[in-house]
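**Q** A single structure is presented below for examination.
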Amino acid sequence: MAEDAKKLYEELIEKRRKAALLGSAGSILGWDERTYMPRGGVEHRANQMALISGMAHEMFTAPQIGELLSKLEDSDLVKDRSSAEAVNIREIRRSYDKDTKLPRELVEEISSTTTKAQGIWQEARKKADFSIFKDILGKVFELNFRVAEAYGYEKDPYDALLDDYEPHATTEEVARVFAGLRDDLVPFVEKIKDSGKHPDMSIIENDYDIHRQKLFAKAASAAIGFDYTKGRLDETTHPFCTGIGYGDTRILTRYNPKHFGQAFFGVIHESGHGIYEQGLRKDENFGLPMGQSVSLGIHESQSLCWENIISRGKPFWKHFFPRAQQTY
């Protein structure tokens, strides 16, 4: 009986991994769209992304997945709830039950629309004209409301969407956290503003050669642990990190020749994301919940820890300032 359950589990894992491989192809296309793709390729890329998203959705929600889960949920593999097998089965069931509520057509429309929206946002940002982006942003909101309705919710439609990023969290809980922070932070910021102290920013806001910025940021990123044999650093409109798959994690930033901090702290921030992604042991857990980040909150904690706590601290700069002097 145990052998039968093991075979069923291996079959489930194989199906998940195939779907995840297709999804990772979409991740490459998404990365390319935000880096090197010519502006004229947006329409074609939207069609590509819609097709891949739809195909991956069909694979993730195939009836065979549900049948395998039902059998495995009655097997000995789930007795130890903390085992890798039990966790994968539980979390695959959770995502399966949600994903099967979404029709393929909606998944494809979201993928196509958000791909187009990315290019339109870049144009609007460049021209500092929100009106360019307004209509398609409204469309994105409309589609997400449809997702929330399909998932279902008790109080707030955003609860249904928030669960994708911060599992089991609710809008009400998050609002309580922010309210507590606001009570302390708003007076604190006002106190700083009223202090009359204005730090000298000349070392930050100055002329910084972009090529040298790239060299220094990459060296610092590697020094804190981002593995460039399994990752790369590129340029984009807005910094981000994407985990393509095992052995391929990409971080991106933008450079300002008049400001040291924009690119540098952006690289350190995204390196925090990247180090976390590279530590997920995706080689053996690719396509499985055990190989994915536990939540966006945890993911962001890693990036903000490196950016705001470590890289803005005195010990960090005691180490890196001589290197900065050599570089610039």
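Labeling convention for the structure tokens: chains A, B, ... as they appear, residues from 1 per chain, ligands from 1 in order of appearance.
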Could you give me, as a count of residues only, the residues within 12 Å of region 297-299 of chain A, counting only C-alpha atoms and dropping anything in the same chain fewer than 4 positions from it?

**A** 29

**Q** Residues at most 8 Å from Lys258 (chain A), counting only C-alpha atoms, excluding those fewer than 2 positions away in the same chain, as a ChimeraX atom specification?

**A** /A:205-208,256,260

**Q** Applying 9 Å and only C-alpha atoms, which residues near Thr237 (chain A) remain after dropping the ones on its own chain fewer than 2 positions away? List them as a ChimeraX atom specification.

**A** /A:34-35,122,235,239,252-254

**Q** Can you pull out every residue within 9 Å of region 283-289 of chain A, counting only C-alpha atoms, but drop anything in the same chain fewer than 2 positions away, and send it as number ranges by chain?

**A** A: 13-14, 16-21, 87-89, 91-92, 245-247, 280-281, 291-294

**Q** Excluding Gly23 (chain A) and any residue of its chain fewer than 5 positions from it, enumerate the residues within 9 Å of it, using only C-alpha atoms, and give them as a list in words.

**A**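 Listed by chain and then number, they are Lys18, Ile28, Ile52, Ser53, Met55, Ala56 and Ile244 of chain A.
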
**Q** What would the file look like if the residues just selected were written as a compact mmCIF listing (two decimals), in the first residue's frame with C-alpha atoms?

**A**
# COMPACT_ATOMS: atom_id res chain seq x y z
CA LYS A 18 5.84 19.64 -16.29
CA ILE A 28 11.67 34.07 -19.37
CA ILE A 52 1.45 29.74 -22.12
CA SER A 53 -0.61 30.85 -19.11
CA MET A 55 -1.78 25.85 -21.17
CA ALA A 56 -0.09 25.86 -17.76
CA ILE A 244 13.16 31.39 -13.54

**Q** Give me, please, the distance in Å between CA of Lys101 (chain A) and CA of Tyr151 (chain A), quoted to one decimal.

**A**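 Spanning CA of Lys101 (chain A) to CA of Tyr151 (chain A) is a straight-line distance of 6.2 Å.
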
**Q** Just the residues within 10 Å of Lys134 (chain A), please, counting only C-alpha atoms, with nothing from its chain fewer than 3 positions along; format it as an mmCIF file with N, CA and C atoms, in the first residue's frame.

**A**
data_model
loop_
_atom_site.group_PDB
_atom_site.id
_atom_site.type_symbol
_atom_site.label_atom_id
_atom_site.label_comp_id
_atom_site.auth_asym_id
_atom_site.auth_seq_id
_atom_site.Cartn_x
_atom_site.Cartn_y
_atom_site.Cartn_z
ATOM 1 N N ALA A 117 -0.298 46.000 -20.414
ATOM 2 C CA ALA A 117 -0.257 47.074 -19.420
ATOM 3 C C ALA A 117 1.174 47.440 -19.041
ATOM 4 N N ILE A 120 2.491 49.821 -21.645
ATOM 5 C CA ILE A 120 1.786 51.110 -21.560
ATOM 6 C C ILE A 120 2.235 51.878 -20.319
ATOM 7 N N TRP A 121 2.426 51.158 -19.205
ATOM 8 C CA TRP A 121 2.921 51.812 -17.987
ATOM 9 C C TRP A 121 4.306 52.426 -18.215
ATOM 10 N N ALA A 124 3.824 55.613 -20.058
ATOM 11 C CA ALA A 124 3.222 56.630 -19.187
ATOM 12 C C ALA A 124 4.240 57.167 -18.191
ATOM 13 N N ASP A 129 2.699 60.840 -17.550
ATOM 14 C CA ASP A 129 1.310 61.104 -17.934
ATOM 15 C C ASP A 129 0.446 59.899 -17.558
ATOM 16 N N PHE A 130 -0.211 59.975 -16.403
ATOM 17 C CA PHE A 130 -1.016 58.856 -15.917
ATOM 18 C C PHE A 130 -2.178 58.527 -16.849
ATOM 19 N N SER A 131 -2.678 59.510 -17.582
ATOM 20 C CA SER A 131 -3.841 59.284 -18.443
ATOM 21 C C SER A 131 -3.573 58.193 -19.479
ATOM 22 N N LEU A 137 -5.249 50.186 -16.735
ATOM 23 C CA LEU A 137 -5.214 49.898 -15.303
ATOM 24 C C LEU A 137 -6.619 49.559 -14.806
ATOM 25 N N GLY A 138 -7.608 50.298 -15.299
ATOM 26 C CA GLY A 138 -8.988 49.997 -14.949
ATOM 27 C C GLY A 138 -9.385 48.598 -15.380
ATOM 28 N N LYS A 139 -8.898 48.186 -16.548
ATOM 29 C CA LYS A 139 -9.169 46.838 -17.045
ATOM 30 C C LYS A 139 -8.536 45.784 -16.135
#

**Q** Would you give me, as an NGL selection string, the residues in region 86-307 of chain A that DSSP reads as helix (DSSP H, G or I)?

**A** :A and (86-99 or 104-127 or 131-151 or 157-165 or 171-193 or 210-223 or 260-278 or 282-285 or 289-291 or 296-307)

**Q** Write the residues of the selection above to a file with C-alpha atoms, as a tab-separated table (two decimals), in the first residue's frame.

**A**
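Writing the result to part_20.tsv gives the following:
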chain	number	residue	atom	x	y	z
A	86	ALA	CA	2.41	15.93	3.42
A	87	VAL	CA	3.23	19.62	2.96
A	88	ASN	CA	3.36	19.30	-0.83
A	89	ILE	CA	0.08	17.37	-0.95
A	90	ARG	CA	-1.66	19.87	1.35
A	91	GLU	CA	-0.45	22.96	-0.53
A	92	ILE	CA	-1.05	21.47	-3.98
A	93	ARG	CA	-4.62	20.73	-2.89
A	94	ARG	CA	-4.98	24.31	-1.67
A	95	SER	CA	-3.83	25.82	-4.97
A	96	TYR	CA	-5.76	23.23	-7.01
A	97	ASP	CA	-9.05	24.06	-5.29
A	98	LYS	CA	-8.51	27.76	-5.98
A	99	ASP	CA	-7.21	27.45	-9.53
A	104	ARG	CA	-8.94	29.27	-18.75
A	105	GLU	CA	-10.33	32.22	-20.72
A	106	LEU	CA	-10.03	34.50	-17.68
A	107	VAL	CA	-6.47	33.36	-16.98
A	108	GLU	CA	-5.50	34.08	-20.59
A	109	GLU	CA	-7.19	37.47	-20.59
A	110	ILE	CA	-5.38	38.49	-17.41
A	111	SER	CA	-2.04	37.42	-18.84
A	112	SER	CA	-2.61	39.24	-22.13
A	113	THR	CA	-3.90	42.41	-20.47
A	114	THR	CA	-1.13	42.68	-17.87
A	115	THR	CA	1.50	42.11	-20.55
A	116	LYS	CA	0.10	45.00	-22.58
A	117	ALA	CA	-0.26	47.07	-19.42
A	118	GLN	CA	3.45	46.71	-18.67
A	119	GLY	CA	4.42	48.40	-21.93
A	120	ILE	CA	1.79	51.11	-21.56
A	121	TRP	CA	2.92	51.81	-17.99
A	122	GLN	CA	6.51	52.23	-19.18
A	123	GLU	CA	5.37	54.79	-21.75
A	124	ALA	CA	3.22	56.63	-19.19
A	125	ARG	CA	6.09	56.71	-16.71
A	126	LYS	CA	8.50	58.06	-19.31
A	127	LYS	CA	6.08	60.85	-20.22
A	131	SER	CA	-3.84	59.28	-18.44
A	132	ILE	CA	-1.95	56.99	-20.84
A	133	PHE	CA	-2.13	54.18	-18.29
A	134	LYS	CA	-5.53	54.89	-16.77
A	135	ASP	CA	-7.78	52.83	-19.05
A	136	ILE	CA	-5.77	49.62	-19.06
A	137	LEU	CA	-5.21	49.90	-15.30
A	138	GLY	CA	-8.99	50.00	-14.95
A	139	LYS	CA	-9.17	46.84	-17.05
A	140	VAL	CA	-6.65	45.12	-14.76
A	141	PHE	CA	-8.77	46.08	-11.74
A	142	GLU	CA	-11.90	44.74	-13.42
A	143	LEU	CA	-10.22	41.40	-14.17
A	144	ASN	CA	-9.00	41.07	-10.61
A	145	PHE	CA	-12.49	41.73	-9.27
A	146	ARG	CA	-13.63	38.83	-11.45
A	147	VAL	CA	-10.93	36.64	-9.91
A	148	ALA	CA	-12.05	37.63	-6.41
A	149	GLU	CA	-15.66	36.78	-7.25
A	150	ALA	CA	-14.59	33.42	-8.68
A	151	TYR	CA	-12.54	32.57	-5.59
A	157	PRO	CA	-12.96	41.11	-2.14
A	158	TYR	CA	-9.27	41.79	-1.60
A	159	ASP	CA	-9.16	38.96	0.94
A	160	ALA	CA	-9.51	36.53	-1.96
A	161	LEU	CA	-6.56	38.12	-3.79
A	162	LEU	CA	-4.40	38.73	-0.72
A	163	ASP	CA	-4.44	35.01	0.00
A	164	ASP	CA	-2.34	34.43	-3.14
A	165	TYR	CA	0.46	36.57	-1.70
A	171	THR	CA	-7.46	42.75	4.80
A	172	GLU	CA	-8.72	43.40	8.32
A	173	GLU	CA	-5.60	41.86	9.90
A	174	VAL	CA	-3.26	43.83	7.63
A	175	ALA	CA	-5.15	47.06	8.37
A	176	ARG	CA	-4.62	46.49	12.11
A	177	VAL	CA	-0.88	46.04	11.60
A	178	PHE	CA	-0.60	49.21	9.51
A	179	ALA	CA	-2.74	51.19	11.95
A	180	GLY	CA	-0.38	50.32	14.80
A	181	LEU	CA	2.64	51.31	12.73
A	182	ARG	CA	0.99	54.56	11.67
A	183	ASP	CA	0.38	55.59	15.28
A	184	ASP	CA	4.12	55.57	15.94
A	185	LEU	CA	5.60	56.41	12.56
A	186	VAL	CA	3.61	59.51	11.61
A	187	PRO	CA	4.64	61.50	14.73
A	188	PHE	CA	8.19	60.17	14.33
A	189	VAL	CA	8.44	61.42	10.75
A	190	GLU	CA	6.95	64.78	11.74
A	191	LYS	CA	9.54	65.08	14.50
A	192	ILE	CA	12.34	64.50	11.99
A	193	LYS	CA	10.87	67.05	9.57
A	210	ILE	CA	26.98	54.16	-14.80
A	211	HIS	CA	29.58	51.57	-15.82
A	212	ARG	CA	31.32	52.00	-12.46
A	213	GLN	CA	27.97	51.82	-10.68
A	214	LYS	CA	27.37	48.45	-12.33
A	215	LEU	CA	30.78	47.12	-11.31
A	216	PHE	CA	30.48	48.23	-7.70
A	217	ALA	CA	26.87	47.10	-7.23
A	218	LYS	CA	27.58	43.69	-8.73
A	219	ALA	CA	30.67	43.21	-6.56
A	220	ALA	CA	28.73	44.11	-3.41
A	221	SER	CA	25.86	41.86	-4.45
A	222	ALA	CA	28.21	38.91	-4.92
A	223	ALA	CA	29.93	39.65	-1.61
A	260	PHE	CA	24.47	56.75	-6.18
A	261	GLY	CA	21.75	55.20	-4.05
A	262	GLN	CA	19.01	54.47	-6.57
A	263	ALA	CA	20.83	51.68	-8.36
A	264	PHE	CA	23.03	50.48	-5.51
A	265	PHE	CA	20.34	50.00	-2.89
A	266	GLY	CA	18.05	48.65	-5.61
A	267	VAL	CA	20.63	45.96	-6.40
A	268	ILE	CA	21.09	45.11	-2.72
A	269	HIS	CA	17.30	44.92	-2.27
A	270	GLU	CA	16.85	42.63	-5.27
A	271	SER	CA	19.86	40.57	-4.19
A	272	GLY	CA	18.01	39.89	-0.95
A	273	HIS	CA	15.15	38.48	-3.00
A	274	GLY	CA	17.62	36.60	-5.19
A	275	ILE	CA	19.55	35.04	-2.31
A	276	TYR	CA	16.26	33.77	-0.89
A	277	GLU	CA	15.26	32.35	-4.29
A	278	GLN	CA	18.65	30.68	-4.71
A	282	LYS	CA	14.74	24.23	-6.48
A	283	ASP	CA	16.84	21.47	-8.00
A	284	GLU	CA	14.99	18.87	-5.92
A	285	ASN	CA	11.78	20.82	-5.28
A	289	PRO	CA	5.30	24.06	-2.81
A	290	MET	CA	8.44	23.06	-0.87
A	291	GLY	CA	10.48	24.78	-3.58
A	296	LEU	CA	5.44	37.57	-0.29
A	297	GLY	CA	5.85	38.99	3.21
A	298	ILE	CA	8.72	36.61	3.95
A	299	HIS	CA	10.22	37.32	0.52
A	300	GLU	CA	10.10	41.07	1.11
A	301	SER	CA	11.55	40.68	4.59
A	302	GLN	CA	14.71	39.24	3.05
A	303	SER	CA	15.16	42.09	0.58
A	304	LEU	CA	14.37	44.83	3.09
A	305	CYS	CA	16.66	43.30	5.70
A	306	TRP	CA	19.61	43.56	3.32
A	307	GLU	CA	18.63	46.97	1.96

**Q** With distances taken over only C-alpha atoms, which residue among A:Gly26, A:Tyr36, A:Asp194, A:Lys15 lies nearest Asp234 (chain A)?

**A**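 Among A:Gly26, A:Tyr36, A:Asp194, A:Lys15, it is A:Tyr36 that comes nearest to Asp234 (chain A).
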